[in-house]
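Trainee: Input: one structure, supplied below.
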Amino acid sequence: MASKTTLNAKNLETLGAARLSELLIEISTGSAVAKRRLRLELAGAQSPKEAGREVIKRLISIARARSFVNWKNRKPLVTDLESQLRAIKEQIAPADPAEGVALLWRFMQVATPLFERCDDSSGIVIGVFQDACALLGEIALAAGTPPEALADAVVEALRDNGYGQYDGLIPILTPALGAEGLELLKQRIETMAATPVPVPPKDEWEAVGYGSGGTTYAHQMEERSRQSMVGMALKDIADAMGDVDAFIAQYDPKTRKVPKIAAEIAARLLAADRAQDALGFIERAEVDHDRWVPREWQDTRLEVLEAIDRKEEAQAFRWSCFESTLNSEYLRDFLKRLPDFEDIDAEERAMDHAAARLRVTPALGFFLDWPSPDRAARLLIDRRAEINGDHYEFLVPAAEALAEKHPLAATVALRAMIDFTLLKARSKRYGYAVQHLATCAELAGRIEDYGTFEPHTLYVARLKQEHGRKSGFWSLVEGK
């Protein structure tokens with residue numbers, strides 16, 4: 001049972017309204033964010049329209065501000081934005097959905113002036129606008145916004161999508177747009193497609209960048225942006241209408257052969273029960289099997305082969321995908337389609353293939369993921385000279401997974417990281433290397449036979465001989 005002094009709503013109610021009011025005034029003193037939140041709550045208590053006026057005032061203030069927002073003052077801004085969004089969602093839209101939609105459009109319009117003065121490397125601020133964009137679809141549907149007005153609003157929004165705040169807007173608004181709205185939107189976008197950016201007289205060209213292709217001018221950048229926006233919008237509209245051919249039409253014949261694009265097209269054709277057409281796009285894709293092959297193309301080809309009942313070919317391709325990628329999902333799918341008892345031999349063949357892989361780290365990652373700790377341990381010991389200690393993303397989990405039953409293999413992984421850190425003098429990793437060395441010391445007591453490897457004491461002695469001048473490392477060791 002919670003203590004009566006625990007901070008929760010029930011306990012705070014016992015203080016009474018008067019005392020809580022005094023505390024809120026005291027707590028909000030000196031906090032602009034808290035004061036704005038309280039004013040917003042008071043406005044909402046009067047009426048949704050009063051809350052709306054308060055929201056508009058705050059949005060105008062944020063849009064007009066000029067101070068730079070960095071990581072130090074980003075959190076109060078996010079809290080402020082979330083408060084305005086919450087008021088729209090909870091206080092205004094339920095009573096007046098049309099007003100809620102109008103305020104959400106005002107909210108979204110704050111993005112461009114805000115991002116011009118904001119460092120959002122963490123992606124937190126854009127996340128608030130993405131939430132607002134999603135809410136826009138929900139409330140626009142509830143408000144029954146006229147299709148023509150909504151189509152016009154979408155066009156204006158997409159023109160102002162320089163920071164990605166409207167990404168996904170068309171799919172989000174598809175239920176609210178309906179068939180009529182989508183057709184109206186398509187007409188407007190097609191009109192834009194046929195209206196290129198005017199080219200000004202040459203003496204008025206404004207240089208905005210320089211590159212290997214020469215100078216880039218403002219009107220050229222604007223034209224590229226227009227073409228990109230039109231293309232993406234028409235693809236989204238085609239998807240919303242279920243018009244696969246209109247989607248395909250947005251790509252020229254050469255681009256349709258790019259593996260990822262071919263996979264996108266084929267996936268839509270499959271969904272439209274046009275498996276043979278999907279196969280054509282997959283097979284015409286220009287895939288370089290000697291280099292990296294997009295996962296999307298591989299997965300879609302498997303789906304297509306299954307759909308047209310070419311199961312043996314699909315199974316052979318599944319094995320080929322595993323051989324080239326060592327992705328355990330392909331192997332699992334391959335094995336579960338084999339007759340009883342054949343899967344055991346096939347799994348052993350897969351393990352042998354992975355162990356013989358030219359590069360050690362992908363094989364190690366596969367054995368850990370499968371999981372096959374015995375194979376992972378053997379790989380580390382047999383191919384220790386090939387291990388790159390820079391790949392801590394493989395070696396740390398390997399050491400953790402193997403420490404209990406394979407202490408020598410875990411030690412090999414840890415030493416590889418220690419050796420790399422000291423050899424390359426990566427001082428920022430010294431702390432981790434010290435921890436790895438301490439773990440090696442703990443594992444040493446459980447290693448009965450080091451074989452051709454140095455025992456722990458000799459290994460430490462060699463480190464001191466070869467890297468004794470790296471005082472930053474050894475001072476950490478001594479302080480451990």
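A note on labels: chains of the structure tokens are A, B, ... as shown, every chain counts residues from 1, and ligands are counted from 1 in their shown order.
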As a PyMOL selection string, please: the residues near region 299-308 of chain A (cut-off 7 Å, only C-alpha atoms, same-chain neighbours under 5 positions excluded).
Mentor: chain A and resi 263+267+275+278-279+282+314
Trainee: Using only N, CA and C atoms, please write the residues we just selected to a file, as a CSV table (one decimal), in the first residue's frame.
Mentor:
```
chain,number,residue,atom,x,y,z
A,263,ALA,N,11.6,-3.9,-56.6
A,263,ALA,CA,11.0,-4.6,-55.5
A,263,ALA,C,9.7,-3.8,-55.1
A,267,ALA,N,6.1,-5.6,-55.3
A,267,ALA,CA,5.3,-5.8,-54.1
A,267,ALA,C,3.9,-5.3,-54.3
A,275,ALA,N,0.9,-11.4,-60.1
A,275,ALA,CA,2.2,-12.0,-59.8
A,275,ALA,C,3.1,-12.2,-61.0
A,278,ALA,N,4.6,-9.0,-61.7
A,278,ALA,CA,5.6,-8.7,-60.6
A,278,ALA,C,6.9,-9.4,-60.9
A,279,LEU,N,6.8,-10.7,-61.4
A,279,LEU,CA,8.0,-11.4,-61.7
A,279,LEU,C,8.8,-10.7,-62.8
A,282,ILE,N,10.9,-8.0,-61.3
A,282,ILE,CA,12.0,-8.5,-60.5
A,282,ILE,C,13.1,-9.1,-61.4
A,314,ALA,N,12.2,-21.1,-55.5
A,314,ALA,CA,12.2,-20.3,-54.3
A,314,ALA,C,13.1,-20.8,-53.2
```
Trainee: Taking the chain letters and numbering used in this document, name the residues of region 192-259 of chain A that DSSP puts in alpha helix (DSSP H), as JSON, numbers by chain.
Mentor: {"A": [192, 193, 218, 219, 220, 221, 222, 223, 224, 225, 226, 227, 228, 229, 230, 231, 232, 233, 234, 235, 236, 237, 238, 239, 240, 241, 244, 245, 246, 247, 248, 249, 259]}
Trainee: Emit the selected residues as a short mmCIF file (atom, residue, chain, number, x, y, z; two decimals), in the first residue's frame, including C-alpha atoms.
Mentor:
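The resulting file, result13.cif, is shown below:
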```cif
data_model
loop_
_atom_site.label_atom_id
_atom_site.label_comp_id
_atom_site.auth_asym_id
_atom_site.auth_seq_id
_atom_site.Cartn_x
_atom_site.Cartn_y
_atom_site.Cartn_z
CA MET A 192 1.90 21.39 -60.86
CA ALA A 193 3.73 18.68 -62.84
CA ALA A 218 18.20 29.15 -57.10
CA HIS A 219 15.66 28.49 -59.87
CA GLN A 220 17.32 25.13 -60.60
CA MET A 221 17.07 24.11 -56.95
CA GLU A 222 13.44 25.18 -56.87
CA GLU A 223 12.72 23.15 -60.01
CA ARG A 224 14.38 20.04 -58.56
CA SER A 225 12.35 20.46 -55.39
CA ARG A 226 9.14 20.82 -57.43
CA GLN A 227 9.87 17.69 -59.44
CA SER A 228 10.70 15.68 -56.33
CA MET A 229 7.55 16.82 -54.54
CA VAL A 230 5.34 16.09 -57.55
CA GLY A 231 6.84 12.63 -58.04
CA MET A 232 6.45 11.60 -54.40
CA ALA A 233 2.93 13.01 -54.20
CA LEU A 234 1.77 11.18 -57.32
CA LYS A 235 3.23 7.92 -55.99
CA ASP A 236 1.41 8.38 -52.69
CA ILE A 237 -1.83 9.20 -54.51
CA ALA A 238 -1.43 6.12 -56.73
CA ASP A 239 -0.95 3.96 -53.64
CA ALA A 240 -3.97 5.53 -51.95
CA MET A 241 -6.09 4.85 -55.05
CA VAL A 244 -0.36 0.23 -59.50
CA ASP A 245 0.09 1.38 -63.10
CA ALA A 246 0.00 5.03 -62.04
CA PHE A 247 2.66 4.23 -59.44
CA ILE A 248 4.84 2.53 -62.07
CA ALA A 249 4.39 5.49 -64.42
CA PRO A 259 16.60 -3.42 -57.63
#
```
Trainee: Give the strand (DSSP E or B) residues of region 106-327 of chain A, as assigned by DSSP on the backbone, as a list in words.
Mentor: Cys118, Ala207, Val208, Gly209, Tyr210, Gly211, Gly214, Thr215, Thr216 and Tyr217 of chain A
Trainee: Could you write out the selected residues, including C-alpha atoms, as an mmCIF file, in the first residue's frame?
Mentor:
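And here's result_18.cif as it stands now:
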```
data_model
loop_
_atom_site.group_PDB
_atom_site.id
_atom_site.type_symbol
_atom_site.label_atom_id
_atom_site.label_comp_id
_atom_site.auth_asym_id
_atom_site.auth_seq_id
_atom_site.Cartn_x
_atom_site.Cartn_y
_atom_site.Cartn_z
ATOM 1 C CA CYS A 118 16.807 24.967 -34.214
ATOM 2 C CA ALA A 207 24.041 31.223 -57.371
ATOM 3 C CA VAL A 208 23.287 29.031 -54.347
ATOM 4 C CA GLY A 209 25.955 26.334 -54.620
ATOM 5 C CA TYR A 210 28.969 24.983 -56.441
ATOM 6 C CA GLY A 211 29.970 21.442 -57.316
ATOM 7 C CA GLY A 214 29.413 23.671 -61.989
ATOM 8 C CA THR A 215 27.297 26.378 -60.375
ATOM 9 C CA THR A 216 23.820 25.616 -59.056
ATOM 10 C CA TYR A 217 21.254 28.407 -59.235
#
```
Trainee: Rank A:Arg383, A:Lys480, A:Arg53, A:Lys470 by their smallest atom-to-atom distance to Arg426 (chain A), using only C-alpha atoms, and report the top residue only.
Mentor: A:Lys470
Trainee: So the first atom is CA of Ala111 (chain A) and the second is CA of Asp131 (chain A); what is the distance between them in Å, to one decimal place?
Mentor: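 These atoms are spaced 12.6 Å apart.
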Trainee: Using only C-alpha atoms, pick whichever of A:Ser67, A:Gln465, A:Thr191, A:Thr174 has the shortest atom-to-atom distance to Glu138 (chain A).
Mentor: A:Thr174
Trainee: Find, counting only C-alpha atoms, the residue in A:Ala194, A:Leu422, A:Leu182, A:Val128 that gets nearest to Arg462 (chain A).
Mentor: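 Checking each of A:Ala194, A:Leu422, A:Leu182, A:Val128 against Arg462 (chain A), counting only C-alpha atoms, the winner is A:Leu422.
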Trainee: Measuring atom to atom with only C-alpha atoms, identify which of A:Glu296, A:Asp203, A:Glu442, A:Asp96 is nearest to Glu264 (chain A).
Mentor: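 Ranked by minimum distance to Glu264 (chain A), first place goes to A:Glu296.
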Trainee: Record the distance separating CA of Pro455 (chain A) and CA of Ser471 (chain A), expressed in Å with one decimal.
Mentor: 23.4 Å
Trainee: Take CA of Trp71 (chain A) and CA of Gly123 (chain A) and report the distance between them in Å, one decimal.
Mentor: 11.1 Å
Trainee: May I have the residues within 12 Å of Glu404 (chain A) as JSON, numbers by chain, using only C-alpha atoms and disregarding those fewer than 3 positions away in the same chain?
Mentor: {"A": [373, 374, 377, 398, 399, 400, 401, 407, 408, 409, 410, 411, 439, 442, 443, 444, 445, 446, 447]}
Trainee: Excluding Leu380 (chain A) and any residue of its chain fewer than 6 positions from it, enumerate the residues within 8 Å of it, using only C-alpha atoms, and give them as JSON, numbers by chain.
Mentor: {"A": [364, 387, 409, 412, 413]}
Trainee: Output C-alpha atoms for every residue in the selection just made, as a PDB file, in the first residue's frame.
Mentor:
```
ATOM      1  CA  LEU A 364      30.712 -14.782 -35.786  1.00  0.00           C
ATOM      2  CA  ILE A 387      39.945 -11.030 -35.914  1.00  0.00           C
ATOM      3  CA  ALA A 409      37.112 -18.080 -26.696  1.00  0.00           C
ATOM      4  CA  VAL A 412      40.270 -14.261 -27.383  1.00  0.00           C
ATOM      5  CA  ALA A 413      37.463 -11.803 -28.204  1.00  0.00           C
TER       6      ALA A 413
END
```
